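Novice: Just dropping this structure here.
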Amino acid sequence: MYHLQNRWKLENKRLRYYGLRNKPHMFENSVKLSSDQMNIVKKLPCDLSEAEIKTVKNLLGAQIVDSTHVKHAPYSLSEATFCKNCVANDFMIPGIEFDENGLCPICQTVEETKFLKSVVPVKNTFERSKKSRFDVGVFYTGGKDSTYLLYYLSKVLGLRVLAMTWEIPYMSECAKKSIDGAKKSLGSVEFISRKVADDDLKKIYSCLYALSENTCACPSLAYVLFYPELVANKVPYFAAGNESAQLVGLYYNHMAPKLAYSFGDNKFLNFLVNVGRILTFRPPLKRGQFHTLATMKQLAYGDNPLKKISGYTNALVGNVTTAIHEVPEMVKPLRRAIRRSSRSGNIPAFVQVDFNDICGGVYDWKKIKRTIMTECGWVPPDEFDKGLHTSCKIEKCKEYSQFKRFYEMRSDMIPFSALEISLACRDGAITRDDALAELKTSLGFYLEEIPECAIMKEYIEK
């Protein structure tokens with residue numbers, strides 16, 4: 001008897017794979033079917049005639065298998081098969097494959113991805129601004145990564161920093177204390193914060209929950225709130241502090257091609273962009289400014305049609321954008337700021353500080369936490385070993401919903417945290433033992449709804 005192999009799903013006239021395949025087939029997740037093949041697939045599981053076997057010959061062994069070769073997704077971490085090198089496993093990433101050496105695709109492709117640093121230009125040093133009283137802006141959450149970025153820019157480089165905090169209703173107590181600690185410790189930083197009206201935020205969150213089954217809107221909504229502030233103050237840069245694992249994860253999630261990681265330094269592509277701007281009497285863009293406008297325009301107007309055609313879309317950002325537009329008044333100041341900055345050329349450049357580079361090679365989570373506790377008054381979460389997403393009460397909910405939707409093949413987005421912790425382990429930011437401990441105690445990979453989900457629902461419904 002023949003079966004459709006686990007994690008392959010018939011969608012319209014295609015078979016789609018929900019998982020991460022071995023090199024070199026890592027992104028070959030879609031197979032177009034003929035009408036005859038589709039009719040056969042619809043009948044599975046069943047015995048096939050010789051004529052039917054001939055019709056689906058190209059699918060045998062991978063998409064269609066006999067009963068003895070059907071795989072099954074495990075129901076818990078204790079049943080999972082783990083990569084021999086990192087902590088990737090077929091429970092938190094169902095459908096992940098392993099080669100003959102027991103390595104997952106993330107570890108199989110370490111050489112191919114070692115140059116993938118950021119989808120926005122990397123910049124580790126900044127000149128002093130002559131046009132603004134700030135040298136750089138930072139979206140600050142009180143978490144591990146944004147606190148380290150703030151420390152590096154203000155204390156190590158001695159810059160004048162504008163730290164912008166969106167006061168989310170789910171901010172953890174340790175994050176609030178960490179923000180207070182930073183205010184006392186970092187004298188060259190100016191802190192501002194914004195809180196969205198509850199009525200508006202509930203509209204956004206209700207829509208987002210219906211789309212994504214969680215209400216995580218960071219950092220997109222912060223961009224909407226604070227971009228006009230950056231433009232008004234003529235801040236030359238706003239710097240992201242995402243660690244390498246988060247950025248490379250976009251590649252493995254098929255959300256960013258390799259070209260996206262080098263676009264900022266591609267002189268020819270930037271020349272083409274600037275020719276268009278000059279012909280329409282707008283100043284040419286400097287490094288990082290294209291990325292700013294692209295990011296803000298997506299939030300203000302939705303995905304560019306060319307992005308949709310390319311096949312590289314980010315459902316996470318797309319859903320947040322749809323939800324934000326439930327409150328149209330919120331995007332009007334953003335649209336005005338985009339037009340004003342695009343005409344004047346005073347566009348804060350979107351750049352990434354490379355944490356690995358500024359740390360001497362590896363962004364070691366334990367060392368970083370010790371540094372910011374001493375230098376910035378950072379307060380760690382109760383689960384001290386937790387390294388991913390330390391500023392929010394609902395991170396587990398986001399992980400749970402992304403995992404559950406992917407596990408049930410209702411979304412093709414691999415859970416972000418599953419990729420991040422595997423990449424962090426692979427690249428030495430965290431030991432394998434520590435990664436395993438965090439995976440088992442701090443993250444939201446469960447098949448049954450976790451208690452933290454009640455926090456989201458309570459806020460929306462009250």
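Residues in the structure tokens are numbered from 1 in each chain, the chains being A, B, ... in the order shown, and ligands are numbered from 1 in the order shown.
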Residues near region 47-61 of chain A, anyone? I mean within 6 Å using only C-alpha atoms, not counting same-chain ones fewer than 4 positions away, as number ranges by chain.

Specialist: A: 1-2, 37, 65

Novice: If you keep N, CA, C and O atoms, can you produce a file of those selected residues as a compact mmCIF listing (two decimals), in the first residue's frame?

Specialist:
```txt
# COMPACT_ATOMS: atom_id res chain seq x y z
N MET A 1 0.84 -1.20 0.00
CA MET A 1 0.00 0.00 0.00
C MET A 1 0.88 1.25 0.00
O MET A 1 1.89 1.31 0.70
N TYR A 2 0.48 2.23 -0.77
CA TYR A 2 1.26 3.47 -0.89
C TYR A 2 0.59 4.60 -0.09
O TYR A 2 -0.63 4.67 0.02
N GLN A 37 -1.81 12.81 -11.80
CA GLN A 37 -1.08 12.63 -10.54
C GLN A 37 -1.92 13.12 -9.36
O GLN A 37 -1.96 12.48 -8.31
N VAL A 65 5.39 6.96 -0.74
CA VAL A 65 6.20 5.85 -0.24
C VAL A 65 5.30 4.67 0.12
O VAL A 65 4.08 4.83 0.29
```

Novice: Return as a Markdown table the residues of region 213-324 of chain A lying at most 8 Å from region 394-401 of chain A, together with the closest atom-to-atom pair for each and the distance in Å to one decimal, counting only C-alpha atoms, with rows in chain order and ascending residue number.

Specialist:
```
| residue | atom | partner | partner_atom | distance |
| --- | --- | --- | --- | --- |
| A:Glu213 | CA | A:Ser401 | CA | 5.9 |
| A:Asn214 | CA | A:Lys398 | CA | 5.6 |
| A:Thr215 | CA | A:Lys398 | CA | 7.6 |
| A:Cys216 | CA | A:Lys398 | CA | 6.6 |
```

Novice: Any idea what's packed within 7 Å of Arg432 (chain A), counting only C-alpha atoms, ignoring anything in its chain fewer than 6 positions away? Could you give it as a VMD selection string?

Specialist: chain A and resid 86 to 87 425

Novice: Keeping C-alpha atoms, export the residues of the selection given above as a PDB file, in the first residue's frame.

Specialist:
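Written output follows (out25.pdb):
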```pdb
ATOM      1  CA  CYS A  86      23.014  21.484  17.480  1.00  0.00           C
ATOM      2  CA  VAL A  87      19.620  21.170  19.166  1.00  0.00           C
ATOM      3  CA  CYS A 425      23.903  26.528  19.375  1.00  0.00           C
TER       4      CYS A 425
END
```

Novice: Quick one: pull the distance between CA of Pro105 (chain A) and CA of Phe91 (chain A), Å, one decimal.

Specialist: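 About the pair CA of Pro105 (chain A) and CA of Phe91 (chain A): they are 15.0 Å apart.
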
Novice: So that I can see what lies close to region 356-364 of chain A, please list as a CSV table (one decimal) with N, CA and C atoms, in the first residue's frame the residues with an atom at most 7 Å from it, counting only C-alpha atoms and leaving out residues fewer than 5 positions away in the same chain.

Specialist:
```
chain,number,residue,atom,x,y,z
A,428,GLY,N,27.9,28.7,18.4
A,428,GLY,CA,28.6,28.9,19.7
A,428,GLY,C,28.2,30.0,20.6
A,429,ALA,N,27.0,30.6,20.3
A,429,ALA,CA,26.5,31.6,21.2
A,429,ALA,C,26.0,31.0,22.5
A,430,ILE,N,25.7,29.7,22.5
A,430,ILE,CA,25.2,29.0,23.7
A,430,ILE,C,25.6,27.6,23.5
```

Novice: Which residues are close to region 241-247 of chain A, i.e. within 8 Å by only C-alpha atoms, leaving aside same-chain residues fewer than 2 positions away? Reply as a VMD selection string.

Specialist: chain A and resid 117 to 119 145 to 146 149 239 249 to 251 352 to 356 363 416 419 to 421 423 to 424

Novice: Using only C-alpha atoms, which of the listed residues (A:Tyr407, A:Phe82, A:Tyr148, A:Phe139) sits closest to Thr165 (chain A)?

Specialist: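 Comparing A:Tyr407, A:Phe82, A:Tyr148, A:Phe139 against Thr165 (chain A), the winner is A:Phe139.
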
Novice: Which residue is closest to Glu190 (chain A)? Choose from A:Leu208, A:Ala163, A:Val120, A:Val327 and count only C-alpha atoms.

Specialist: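 Of A:Leu208, A:Ala163, A:Val120, A:Val327, the one nearest Glu190 (chain A) is A:Ala163, counting only C-alpha atoms.
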
Novice: Per DSSP on the backbone, filter region 134-310 of chain A down to the residues in helix (DSSP H, G or I) and report them as a VMD selection string.

Specialist: chain A and resid 144 to 156 173 to 185 198 to 212 220 to 232 244 to 252 258 to 261 263 to 265 267 to 279 289 to 301 305 to 310

Novice: As a list in words, please: every residue in region 45-251 of chain A that DSSP puts in strand (DSSP E).

Specialist: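 Here is the list: Ile64, Val65, Asp66, Val136, Gly137, Val138, Phe139, Val161, Leu162, Ala163, Met164, Thr165, Trp166, Val189, Glu190, Phe191, Ile192, Ser193, Arg194, Tyr237, Phe238, Ala239 and Ala240 of chain A.
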
Novice: Compile the contact shell of Thr374 (chain A) as a ChimeraX atom specification: residues with an atom at most 12 Å away, counting only C-alpha atoms, same-chain residues fewer than 5 positions apart removed.

Specialist: /A:147-148,151,178,181-182,185-186,367-369,379-380

Novice: Generate the output file for the selected residues, N, CA, C and O atoms, as a short mmCIF file (atom, residue, chain, number, x, y, z; two decimals), in the first residue's frame.

Specialist:
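Result saved to again-v6.cif:
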```cif
data_model
loop_
_atom_site.label_atom_id
_atom_site.label_comp_id
_atom_site.auth_asym_id
_atom_site.auth_seq_id
_atom_site.Cartn_x
_atom_site.Cartn_y
_atom_site.Cartn_z
N THR A 147 19.42 45.86 25.28
CA THR A 147 20.21 46.47 26.35
C THR A 147 21.69 46.44 26.01
O THR A 147 22.42 47.42 26.22
N TYR A 148 22.15 45.31 25.44
CA TYR A 148 23.56 45.25 25.06
C TYR A 148 23.86 46.26 23.96
O TYR A 148 24.91 46.91 23.96
N TYR A 151 24.14 49.63 25.54
CA TYR A 151 25.42 49.71 26.25
C TYR A 151 26.56 49.96 25.27
O TYR A 151 27.40 50.85 25.48
N SER A 178 14.81 46.57 34.17
CA SER A 178 16.01 46.76 33.35
C SER A 178 16.02 48.14 32.69
O SER A 178 17.07 48.78 32.58
N GLY A 181 16.98 50.51 35.27
CA GLY A 181 18.42 50.40 35.51
C GLY A 181 19.23 51.10 34.44
O GLY A 181 20.23 51.77 34.74
N ALA A 182 18.80 50.98 33.19
CA ALA A 182 19.51 51.64 32.09
C ALA A 182 19.41 53.16 32.21
O ALA A 182 20.37 53.89 31.93
N SER A 185 21.98 54.26 34.59
CA SER A 185 23.37 53.90 34.29
C SER A 185 23.93 54.56 33.04
O SER A 185 25.15 54.70 32.91
N LEU A 186 23.05 54.95 32.10
CA LEU A 186 23.52 55.41 30.79
C LEU A 186 23.21 56.89 30.61
O LEU A 186 22.12 57.27 30.19
N LYS A 367 28.20 35.65 28.87
CA LYS A 367 29.10 36.80 29.07
C LYS A 367 28.35 38.12 28.89
O LYS A 367 28.55 39.07 29.64
N ILE A 368 27.48 38.15 27.88
CA ILE A 368 26.73 39.37 27.60
C ILE A 368 25.83 39.73 28.79
O ILE A 368 25.76 40.90 29.21
N LYS A 369 25.16 38.73 29.35
CA LYS A 369 24.28 39.01 30.48
C LYS A 369 25.06 39.53 31.68
O LYS A 369 24.59 40.44 32.38
N VAL A 379 18.26 43.46 34.66
CA VAL A 379 17.68 42.47 35.58
C VAL A 379 17.25 41.25 34.76
O VAL A 379 16.38 41.36 33.89
N PRO A 380 17.84 40.09 35.00
CA PRO A 380 17.50 38.91 34.21
C PRO A 380 16.13 38.36 34.58
O PRO A 380 15.62 38.65 35.67
#
```

Novice: May I ask which of the residues A:Leu10, A:Leu103, A:Val317, A:Leu162 is the closest one to Val136 (chain A), counting only C-alpha atoms?

Specialist: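 Result for the nearest residue to Val136 (chain A): A:Leu162.
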
Novice: What's the 8 Å shell around Pro74 (chain A), counting only C-alpha atoms, without same-chain residues fewer than 4 positions away, as a list in words?

Specialist: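 Once the adjacent positions are removed, what remains is Glu79, Ala80, Asp90, Phe91 and Pro94 of chain A.
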
Novice: Calculated over only C-alpha atoms, which of the candidates A:Val351, A:Ile455, A:Leu293, A:Cys174 has the smallest distance to Phe126 (chain A)?

Specialist: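 Comparing A:Val351, A:Ile455, A:Leu293, A:Cys174 against Phe126 (chain A), the winner is A:Val351.
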
Novice: Ranking A:Tyr205, A:Ser30, A:Thr113, A:Leu77 by minimum distance to Glu458 (chain A) and counting only C-alpha atoms, which one comes first?

Specialist: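 Between A:Tyr205, A:Ser30, A:Thr113, A:Leu77, the residue approaching Glu458 (chain A) most closely is A:Tyr205.
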
Novice: Choose the residue, out of A:Arg287, A:Lys462, A:Lys258, A:Lys393, that has the smallest atom-to-atom separation from Phe271 (chain A); count only C-alpha atoms.

Specialist: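 Among the listed residues, the smallest separation from Phe271 (chain A) belongs to A:Arg287.
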